[in-house]
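Shown next: coords_6.cif, containing mmCIF, C-alpha atoms and all ligand atoms.
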```cif
data_upload
#
loop_
_atom_site.label_atom_id
_atom_site.label_comp_id
_atom_site.auth_asym_id
_atom_site.auth_seq_id
_atom_site.Cartn_x
_atom_site.Cartn_y
_atom_site.Cartn_z
CA MET A 1 118.22 76.94 -159.55
CA LYS A 2 117.03 78.23 -156.20
CA ILE A 3 114.81 81.24 -156.74
CA ILE A 4 113.75 83.73 -154.08
CA ASN A 5 110.41 85.38 -154.72
CA LYS A 6 110.98 89.10 -154.04
CA ASP A 7 107.29 89.68 -153.49
CA TYR A 8 107.23 87.24 -150.57
CA CYS A 9 110.73 87.45 -149.03
CA LYS A 10 110.90 89.57 -145.87
CA GLY A 11 114.68 89.61 -145.65
CA CYS A 12 114.96 87.66 -142.41
CA GLN A 13 118.26 86.10 -143.58
CA ILE A 14 117.37 82.73 -142.08
CA CYS A 15 118.21 80.99 -145.37
CA VAL A 16 121.69 82.54 -145.24
CA GLU A 17 122.09 81.24 -141.68
CA VAL A 18 120.80 77.69 -142.09
CA CYS A 19 122.34 76.65 -145.40
CA PRO A 20 125.26 74.33 -144.57
CA LYS A 21 126.89 75.07 -147.93
CA LYS A 22 126.66 78.87 -147.83
CA VAL A 23 124.60 78.97 -151.01
CA TYR A 24 123.02 82.30 -150.08
CA SER A 25 124.62 85.65 -149.36
CA GLU A 26 123.18 88.70 -147.67
CA GLY A 27 122.13 90.53 -150.82
CA THR A 28 122.46 94.12 -151.89
CA GLU A 29 119.08 95.20 -153.19
CA ILE A 30 116.03 96.36 -151.30
CA SER A 31 112.79 94.89 -152.63
CA ASP A 32 109.57 96.77 -153.31
CA MET A 33 108.36 95.59 -149.90
CA GLY A 34 111.43 97.26 -148.36
CA TYR A 35 113.44 94.18 -147.43
CA LEU A 36 117.01 93.13 -148.16
CA VAL A 37 116.54 90.03 -150.30
CA PRO A 38 119.42 87.50 -150.18
CA LEU A 39 121.19 86.38 -153.33
CA VAL A 40 121.74 82.82 -154.52
CA THR A 41 125.49 83.04 -155.05
CA ASN A 42 126.76 79.50 -154.65
CA TYR A 43 124.19 77.21 -156.23
CA ASP A 44 126.89 74.81 -157.44
CA LYS A 45 127.53 73.84 -153.83
CA CYS A 46 123.86 73.12 -153.02
CA ILE A 47 123.43 69.59 -151.68
CA ASP A 48 120.08 69.12 -153.37
CA HIS A 49 121.29 70.50 -156.68
CA ASN A 50 123.91 67.78 -156.64
CA GLN A 51 121.33 65.19 -155.59
CA ILE A 52 119.06 66.12 -158.51
CA LYS A 53 121.97 66.09 -160.94
CA LYS A 54 122.59 62.50 -159.90
CA GLY A 55 118.92 61.69 -160.41
CA LYS A 56 118.33 61.40 -156.66
CA LYS A 57 115.77 62.92 -154.34
CA PRO A 58 116.47 66.15 -152.45
CA ILE A 59 117.72 65.43 -148.94
CA CYS A 60 118.58 68.82 -147.48
CA GLU A 61 115.89 71.42 -148.18
CA LEU A 62 116.78 73.26 -145.00
CA CYS A 63 116.40 76.63 -146.69
CA ILE A 64 113.01 75.85 -148.23
CA LEU A 65 111.61 74.40 -145.01
CA SER A 66 113.04 77.15 -142.79
CA CYS A 67 111.91 80.09 -144.91
CA PRO A 68 108.97 81.55 -142.97
CA ASP A 69 107.47 83.16 -146.06
CA GLN A 70 107.36 80.29 -148.57
CA ALA A 71 109.61 82.48 -150.69
CA ILE A 72 112.14 79.90 -151.93
CA ILE A 73 111.61 77.41 -154.72
CA ASP A 74 113.99 75.22 -156.66
CA ASP A 75 112.86 75.11 -160.28
CA SER A 76 114.99 72.08 -161.09
CA TYR A 77 112.90 69.74 -158.92
CA GLY A 78 109.95 69.30 -161.22
CA ASP A 79 106.98 68.22 -159.16
CA MET B 80 107.89 70.83 -154.90
CA GLU B 81 105.35 73.63 -155.17
CA ASN B 82 105.18 75.91 -152.14
CA PHE B 83 101.45 76.57 -152.20
CA GLN B 84 99.75 73.21 -152.14
CA ILE B 85 97.77 73.64 -148.97
CA TYR B 86 98.10 77.38 -148.37
CA ARG B 87 96.25 80.21 -150.07
CA GLU B 88 98.63 82.11 -152.28
CA ASP B 89 95.92 84.72 -152.85
CA ARG B 90 96.51 85.79 -149.24
CA TRP B 91 100.29 86.07 -149.62
CA PRO B 92 102.51 87.62 -148.33
CA HIS B 93 101.09 86.60 -144.97
CA MET B 94 100.71 88.96 -141.99
CA PHE B 95 103.56 87.54 -139.89
CA CYS B 96 106.64 89.63 -139.11
CA PRO B 97 109.98 89.05 -140.85
CA GLY B 98 111.57 85.90 -139.40
CA CYS B 99 108.47 84.86 -137.45
CA GLY B 100 108.66 81.16 -136.62
CA ILE B 101 104.98 80.63 -137.39
CA GLY B 102 105.90 80.68 -141.09
CA THR B 103 108.48 77.94 -140.59
CA VAL B 104 105.93 75.80 -138.76
CA MET B 105 103.61 76.34 -141.74
CA SER B 106 106.25 75.04 -144.17
CA CYS B 107 106.93 72.01 -142.01
CA PHE B 108 103.26 71.23 -141.57
CA GLN B 109 102.64 71.47 -145.30
CA ARG B 110 105.49 69.14 -146.07
CA ALA B 111 104.36 66.55 -143.53
CA PHE B 112 100.73 66.79 -144.66
CA LEU B 113 101.74 66.17 -148.28
CA ASN B 114 104.16 63.38 -147.39
CA LYS B 115 101.34 61.70 -145.54
CA GLY B 116 99.10 62.06 -148.59
CA LEU B 117 96.18 63.49 -146.63
CA ASP B 118 93.20 65.06 -148.33
CA LEU B 119 92.35 68.72 -147.66
CA ASP B 120 88.68 67.96 -148.23
CA ARG B 121 88.77 65.45 -145.40
CA THR B 122 90.59 67.77 -143.00
CA ALA B 123 89.25 70.66 -140.96
CA PHE B 124 91.39 73.28 -139.25
CA VAL B 125 90.43 74.89 -135.99
CA SER B 126 92.16 77.69 -134.14
CA GLY B 127 91.63 80.16 -131.33
CA ILE B 128 93.00 83.70 -131.20
CA GLY B 129 96.57 84.91 -131.59
CA CYS B 130 99.14 85.31 -134.36
CA SER B 131 99.67 81.56 -134.46
CA SER B 132 95.93 81.00 -134.57
CA ARG B 133 95.74 83.01 -137.78
CA LEU B 134 97.31 80.04 -139.48
CA ALA B 135 93.93 78.38 -139.98
CA GLY B 136 92.91 81.27 -142.23
CA TYR B 137 95.69 80.50 -144.69
CA VAL B 138 94.79 76.90 -145.49
CA TYR B 139 92.83 75.80 -148.52
CA ALA B 140 90.37 73.86 -146.42
CA ASP B 141 87.39 74.37 -144.18
CA SER B 142 88.47 76.11 -141.02
CA LEU B 143 87.01 77.48 -137.83
CA HIS B 144 88.51 80.58 -136.26
CA THR B 145 87.03 80.44 -132.78
CA THR B 146 87.34 82.37 -129.53
CA HIS B 147 90.47 82.84 -127.45
CA GLY B 148 91.49 79.65 -125.66
CA ARG B 149 88.52 77.63 -126.86
CA ALA B 150 89.86 76.00 -130.01
CA LEU B 151 90.00 72.56 -128.39
CA ALA B 152 86.42 72.78 -127.17
CA PHE B 153 85.15 73.68 -130.67
CA ALA B 154 87.39 71.02 -132.20
CA THR B 155 86.04 68.38 -129.82
CA GLY B 156 82.48 69.20 -130.88
CA LEU B 157 83.41 69.12 -134.54
CA LYS B 158 85.19 65.80 -134.23
CA LEU B 159 82.26 64.19 -132.44
CA ALA B 160 79.83 65.41 -135.10
CA GLN B 161 82.07 64.57 -138.08
CA LYS B 162 83.97 61.52 -136.95
CA ASP B 163 85.75 60.82 -140.21
CA LEU B 164 87.30 64.27 -140.52
CA GLU B 165 90.90 64.71 -139.42
CA VAL B 166 90.62 67.73 -137.14
CA VAL B 167 93.77 69.81 -136.88
CA VAL B 168 94.09 72.53 -134.24
CA PHE B 169 96.56 75.37 -134.66
CA THR B 170 97.15 77.28 -131.48
CA GLY B 171 99.65 79.37 -129.54
CA ASP B 172 101.15 79.08 -126.07
CA GLY B 173 98.85 81.82 -124.77
CA ASP B 174 95.77 80.42 -126.46
CA LEU B 175 96.46 76.86 -125.35
CA GLY B 176 98.46 77.13 -122.14
CA SER B 177 97.17 80.33 -120.53
CA ILE B 178 93.53 81.17 -121.22
CA GLY B 179 92.84 77.71 -122.66
CA GLY B 180 94.77 75.73 -120.06
CA ASN B 181 91.87 73.74 -118.73
CA HIS B 182 90.54 72.77 -122.16
CA PHE B 183 94.05 71.62 -122.96
CA ILE B 184 94.35 69.37 -119.93
CA GLN B 185 90.88 67.90 -120.39
CA ALA B 186 91.29 67.20 -124.11
CA CYS B 187 94.55 65.38 -123.36
CA ARG B 188 92.93 63.48 -120.50
CA ARG B 189 90.13 62.33 -122.80
CA ASN B 190 92.67 61.40 -125.43
CA MET B 191 90.34 63.12 -127.88
CA ASP B 192 91.08 62.33 -131.52
CA LEU B 193 92.61 65.68 -132.43
CA PHE B 194 95.89 66.75 -133.96
CA VAL B 195 97.18 69.79 -132.11
CA VAL B 196 100.06 72.00 -133.23
CA CYS B 197 101.07 74.60 -130.68
CA VAL B 198 103.39 77.34 -131.86
CA ASN B 199 105.15 78.31 -128.67
CA ASN B 200 106.86 81.68 -128.99
CA ASN B 201 106.99 82.17 -125.21
CA ASN B 202 104.88 85.32 -125.21
CA TYR B 203 101.64 86.91 -126.45
CA GLY B 204 102.76 88.10 -129.85
CA MET B 205 99.51 89.45 -131.21
CA THR B 206 98.76 91.82 -128.36
CA GLY B 207 102.25 93.28 -128.02
CA GLY B 208 104.59 90.82 -126.34
CA GLN B 209 103.09 90.37 -122.86
CA VAL B 210 104.28 87.67 -120.48
CA SER B 211 102.80 84.23 -121.14
CA SER B 212 102.49 81.09 -119.05
CA THR B 213 105.50 79.79 -120.99
CA THR B 214 107.81 82.81 -120.72
CA TRP B 215 111.06 81.76 -119.14
CA HIS B 216 111.95 82.79 -115.62
CA ASP B 217 113.78 86.14 -115.51
CA TYR B 218 113.16 86.83 -119.19
CA LEU B 219 111.92 90.26 -120.19
CA THR B 220 108.57 91.03 -121.78
CA THR B 221 106.49 94.20 -122.07
CA THR B 222 104.70 93.33 -118.83
CA THR B 223 107.74 91.99 -116.94
CA PRO B 224 110.27 94.80 -117.42
CA LYS B 225 112.35 93.58 -114.47
CA GLY B 226 112.29 89.95 -115.56
CA ASN B 227 109.58 87.33 -115.26
CA PRO B 228 109.16 86.32 -111.58
CA GLU B 229 107.11 83.24 -112.57
CA TYR B 230 108.22 79.86 -113.87
CA PRO B 231 107.10 78.48 -117.24
CA PHE B 232 104.65 75.73 -117.99
CA ASP B 233 106.17 72.80 -119.84
CA LEU B 234 103.29 72.29 -122.27
CA SER B 235 104.55 68.99 -123.64
CA ARG B 236 105.00 67.50 -120.18
CA VAL B 237 101.52 68.67 -119.26
CA ALA B 238 100.12 66.97 -122.36
CA ALA B 239 102.05 63.76 -121.75
CA THR B 240 101.15 63.44 -118.10
CA SER B 241 97.51 64.32 -118.82
CA GLY B 242 97.20 61.39 -121.21
CA ALA B 243 97.83 62.53 -124.78
CA ASN B 244 98.79 59.60 -127.00
CA TYR B 245 101.63 61.25 -128.86
CA VAL B 246 103.72 64.20 -127.71
CA ALA B 247 106.71 65.68 -129.49
CA ARG B 248 108.57 68.95 -129.24
CA TYR B 249 111.08 70.60 -131.53
CA THR B 250 111.94 74.15 -132.48
CA THR B 251 111.93 76.01 -135.78
CA ALA B 252 115.69 75.53 -135.76
CA HIS B 253 114.88 71.83 -136.33
CA PRO B 254 112.62 71.91 -139.41
CA LYS B 255 113.38 68.41 -140.63
CA GLN B 256 112.67 66.88 -137.24
CA LEU B 257 109.43 68.88 -137.08
CA VAL B 258 108.33 67.42 -140.41
CA ARG B 259 109.11 63.93 -139.15
CA VAL B 260 107.13 64.19 -135.91
CA ILE B 261 104.16 65.90 -137.56
CA GLU B 262 104.06 63.11 -140.11
CA GLU B 263 104.31 60.49 -137.39
CA GLY B 264 101.58 62.15 -135.33
CA LEU B 265 99.21 62.51 -138.28
CA GLY B 266 99.19 58.74 -138.65
CA LYS B 267 98.02 58.09 -135.11
CA LYS B 268 94.78 58.25 -133.17
CA GLY B 269 93.89 59.98 -129.93
CA LEU B 270 95.31 63.33 -128.97
CA ARG B 271 98.54 64.09 -130.75
CA PHE B 272 100.39 67.12 -129.51
CA ILE B 273 103.20 68.82 -131.40
CA GLU B 274 104.86 71.71 -129.63
CA ALA B 275 106.94 73.86 -131.96
CA TRP B 276 109.11 76.48 -130.31
CA ALA B 277 109.24 79.42 -132.61
CA ALA B 278 111.06 82.69 -132.93
CA CYS B 279 109.18 85.91 -132.20
CA PRO B 280 111.98 88.37 -133.05
CA THR B 281 109.65 91.37 -132.86
CA TYR B 282 108.78 90.99 -129.18
CA TYR B 283 110.35 88.12 -127.23
CA GLY B 284 113.51 88.44 -129.28
CA ARG B 285 113.78 92.20 -129.10
CA TYR B 286 113.45 92.28 -125.31
CA ASN B 287 115.84 89.40 -124.76
CA LYS B 288 118.91 90.32 -126.79
CA MET B 289 118.00 88.33 -129.88
CA ALA B 290 116.15 90.86 -131.95
CA SER B 291 117.18 89.45 -135.30
CA PRO B 292 115.54 86.30 -136.65
CA VAL B 293 118.98 84.72 -137.06
CA GLU B 294 119.91 85.38 -133.41
CA HIS B 295 116.57 84.04 -132.23
CA THR B 296 116.98 80.90 -134.34
CA ARG B 297 120.45 80.37 -132.85
CA TRP B 298 119.00 80.82 -129.37
CA LEU B 299 116.46 78.07 -130.07
CA LYS B 300 119.17 75.75 -131.27
CA GLU B 301 121.53 76.44 -128.38
CA ASN B 302 118.85 76.22 -125.71
CA SER B 303 117.38 72.89 -126.62
CA ILE B 304 118.60 69.46 -125.64
CA HIS B 305 117.50 66.16 -127.13
CA ILE B 306 115.75 63.73 -124.81
CA GLU B 307 118.11 60.94 -125.85
CA GLN B 308 121.05 63.13 -124.87
CA MET B 309 119.42 63.67 -121.48
CA LYS B 310 119.33 59.90 -121.00
CA VAL B 311 122.98 59.57 -122.02
CA ASP B 312 123.84 62.26 -119.50
CA GLY B 313 121.98 60.28 -116.84
CA LYS B 314 119.38 62.98 -116.28
CA THR B 315 115.97 62.26 -114.76
CA ALA B 316 112.57 63.82 -115.26
CA GLU B 317 113.29 66.01 -112.24
CA ASP B 318 116.42 67.39 -113.90
CA ASP B 319 114.37 68.01 -116.97
CA ILE B 320 112.05 70.35 -115.13
CA ASP B 321 115.06 72.12 -113.73
CA LEU B 322 116.69 72.39 -117.11
CA GLN B 323 113.76 74.24 -118.52
CA VAL B 324 113.85 76.67 -115.68
CA THR B 325 117.57 77.27 -115.95
CA GLY B 326 117.75 77.48 -119.66
CA LYS B 327 117.29 74.39 -121.82
CA VAL B 328 114.21 72.82 -123.29
CA THR B 329 113.95 69.10 -123.97
CA ILE B 330 113.21 68.20 -127.57
CA GLY B 331 112.30 64.92 -129.20
CA VAL B 332 109.39 62.52 -128.93
CA LEU B 333 108.31 62.77 -125.29
CA ARG B 334 105.50 60.23 -125.43
CA ASP B 335 104.35 57.66 -127.94
CA ALA B 336 101.56 55.58 -126.47
CA ASP B 337 98.76 53.50 -127.88
CA ARG B 338 95.95 54.14 -125.47
CA MET B 339 92.35 53.71 -126.58
CA SER B 340 91.20 57.04 -127.98
CA TYR B 341 87.95 58.78 -127.07
CA LEU B 342 86.27 57.83 -130.33
CA GLU B 343 87.32 54.22 -130.00
CA ALA B 344 85.97 54.16 -126.48
CA ILE B 345 82.51 55.47 -127.42
CA GLN B 346 82.24 53.32 -130.53
CA ARG B 347 83.01 50.01 -128.86
C1 LIG C 401 88.87 86.50 -124.07
C2 LIG C 401 90.04 87.23 -124.64
N1 LIG C 401 91.01 87.68 -123.82
C3 LIG C 401 92.08 88.33 -124.32
C4 LIG C 401 92.19 88.54 -125.66
C5 LIG C 401 93.40 89.29 -126.19
N2 LIG C 401 94.36 88.43 -126.85
C6 LIG C 401 94.36 88.24 -128.19
S1 LIG C 401 95.59 87.24 -128.72
C7 LIG C 401 96.17 87.06 -127.12
C8 LIG C 401 97.40 86.23 -126.82
C9 LIG C 401 97.77 85.24 -127.86
O1 LIG C 401 98.95 84.62 -127.48
P1 LIG C 401 99.42 83.28 -128.14
O2 LIG C 401 98.33 82.28 -128.13
O3 LIG C 401 100.71 82.89 -127.50
O4 LIG C 401 99.64 83.63 -129.67
P2 LIG C 401 100.76 84.47 -130.41
O5 LIG C 401 100.10 85.75 -130.82
O6 LIG C 401 101.92 84.66 -129.49
O7 LIG C 401 101.12 83.62 -131.59
C10 LIG C 401 95.39 87.76 -126.21
C11 LIG C 401 95.66 87.80 -124.77
C12 LIG C 401 91.17 88.06 -126.51
N3 LIG C 401 91.23 88.20 -127.84
N4 LIG C 401 90.11 87.42 -125.98
S1 LIG C 402 118.94 72.68 -150.16
FE1 LIG C 402 120.42 72.72 -148.44
S2 LIG C 402 122.42 73.00 -149.44
FE2 LIG C 402 120.86 73.54 -150.97
S3 LIG C 402 120.62 75.74 -150.75
FE3 LIG C 402 119.07 74.79 -149.43
S4 LIG C 402 120.04 74.65 -147.41
FE4 LIG C 402 121.69 75.04 -148.89
S1 LIG C 403 114.45 82.71 -145.36
FE1 LIG C 403 112.90 83.32 -146.89
S2 LIG C 403 112.08 85.30 -146.17
FE2 LIG C 403 114.00 84.92 -145.04
S3 LIG C 403 115.56 85.99 -146.26
FE3 LIG C 403 115.54 83.85 -146.97
S4 LIG C 403 114.10 83.86 -148.71
FE4 LIG C 403 113.77 85.76 -147.59
#
```
How does this structure look as structure tokens?
Ligand SMILES: Cc1ncc(C[n+]2csc(CCOP(=O)(O)OP(=O)(O)O)c2C)c(N)n1
Ligand code: SF4
Ligand code: SF4
Amino acid sequence: MKIINKDYCKGCQICVEVCPKKVYSEGTEISDMGYLVPLVTNYDKCIDHNQIKKGKKPICELCILSCPDQAIIDDSYGD
Amino acid sequence: MENFQIYREDRWPHMFCPGCGIGTVMSCFQRAFLNKGLDLDRTAFVSGIGCSSRLAGYVYADSLHTTHGRALAFATGLKLAQKDLEVVVFTGDGDLGSIGGNHFIQACRRNMDLFVVCVNNNNYGMTGGQVSSTTWHDYLTTTTPKGNPEYPFDLSRVAATSGANYVARYTTAHPKQLVRVIEEGLGKKGLRFIEAWAACPTYYGRYNKMASPVEHTRWLKENSIHIEQMKVDGKTAEDDIDLQVTGKVTIGVLRDADRMSYLEAIQR
């Protein structure tokens, strides 16, 4: 699953913009830091989720690389 | 993959504004560094002054936070004293292209063995969004309220024509390409220059009708053109200069040479 760390996310919405599969949506809740944190609403569609399910390496990672705050991880990757 | 393998999580969240492109450059650099399998204990980070230059303070490695514009001079000294260290310089367009312009040209001319990442956000972010030597013509900043009367420096072209071995430019709207060129550059000798155009929504964006990080990221994407596309379109270097002035920046690997580096030359 893609997880957004609410203590790091600054609500820039870049992940929502760059994801080709529309995995993220704008979000509804304001974090303790005062930012609108996106929600992971469409994880089934995630390219890398499907790669990992097939035992393959992630190939997209656009959200993780674009996030300016190192706020996104995918806990299904392992290391 | 863990997000904090080369950065200091104890200093998180970092000081950069929401949507600031410096953070994206950090992610890309980390990924390339890890892909390359480099050792933090064998790497030193040097930076000058500016938001982008704060980057050196977030790495889990020895770093030097020097004076404005002088990062390359300090880095040159460090490299000559500790020849087996990979010396990485993080700098901004103001730090490198404005106040540090001459150090920049000379380091490239010497083909000094340094890896330089310039976060180009087209203005002086740290001090409040003043005009920079890379601000586009007619664009607004806090010190050019009627539009910038000057024309911008093309930092990558300056590096390439001054003699840097490897020169590549992408924007934060091209994270995967950034990872690729950083990785490629890290494996080479001589001066390697990576110019990363980055969003500064707080200042450059706000004054130029792209105040949100998403709008600024779209602007970067729409206003860049790949060098291979330029060739297909039959454009010359002269057109390239014009393109930057009228609204598009060339991205891609702009130079990949194999000239003898400074260290090689003195160790012959
Ligand atoms: C000698 C000197 N002159 C001016 C300053 C003020 N100053 C601090 S940062 C900066 C501009 C930094 O711009 P840039 O390198 O583009 O970095 P950014 O903050 O945009 O990332 C200036 C002019 C200074 N610190 N030292
Ligand atoms: S890895 Fe790619 S497809 Fe999956 S959530 Fe991130 S951007 Fe979307
Ligand atoms: S890109 Fe990162 S900081 Fe921006 S909204 Fe998404 S998770 Fe938050």
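Interatomic distance, atom CA of Pro20 of chain A against atom CA of Asn287 of chain B: 26.6 Å.
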Could you list, with a cut-off of 8 Å and counting all atoms listed in the file, the residues of segment 229-321 of chain B near segment 64-69 of chain A, each shown with its nearest atom pair and the distance in Å rounded to one decimal, rows sorted by chain and ascending number, as JSON lines?
```
{"residue": "B:Thr251", "atom": "CA", "partner": "A:Ser66", "partner_atom": "CA", "distance": 7.2}
{"residue": "B:Ala252", "atom": "CA", "partner": "A:Ser66", "partner_atom": "CA", "distance": 7.7}
{"residue": "B:Pro254", "atom": "CA", "partner": "A:Leu65", "partner_atom": "CA", "distance": 6.2}
{"residue": "B:Lys255", "atom": "CA", "partner": "A:Leu65", "partner_atom": "CA", "distance": 7.6}
```
Would you pick out the contacts of segment 43-60 of chain A at 8 Å or less, using all atoms listed in the file, so that residues sharing its chain but fewer than 2 positions from it are not included, and give the list as a PyMOL selection string?
chain A and resi 1-2+21-23+40-41+62+76-77
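Interface residues of chain B facing chain A, defined by any atom at most 6 Å away and using all atoms listed in the file, are Met80, Pro92, Pro97, Gly98, Gly102, Thr103, Ser106, Pro292 and Val293 of chain B.
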Would you place a box with edges along x, y and z of the file around all atoms of segment 248-257 of chain B listed there, add 5 Å to each of its six sides, and report the centre and edge lengths in Å to one decimal, as AutoDock Vina command-line options?
```
--center_x 112.1 --center_y 71.4 --center_z -134.9 --size_x 17.1 --size_y 19.1 --size_z 21.4
```
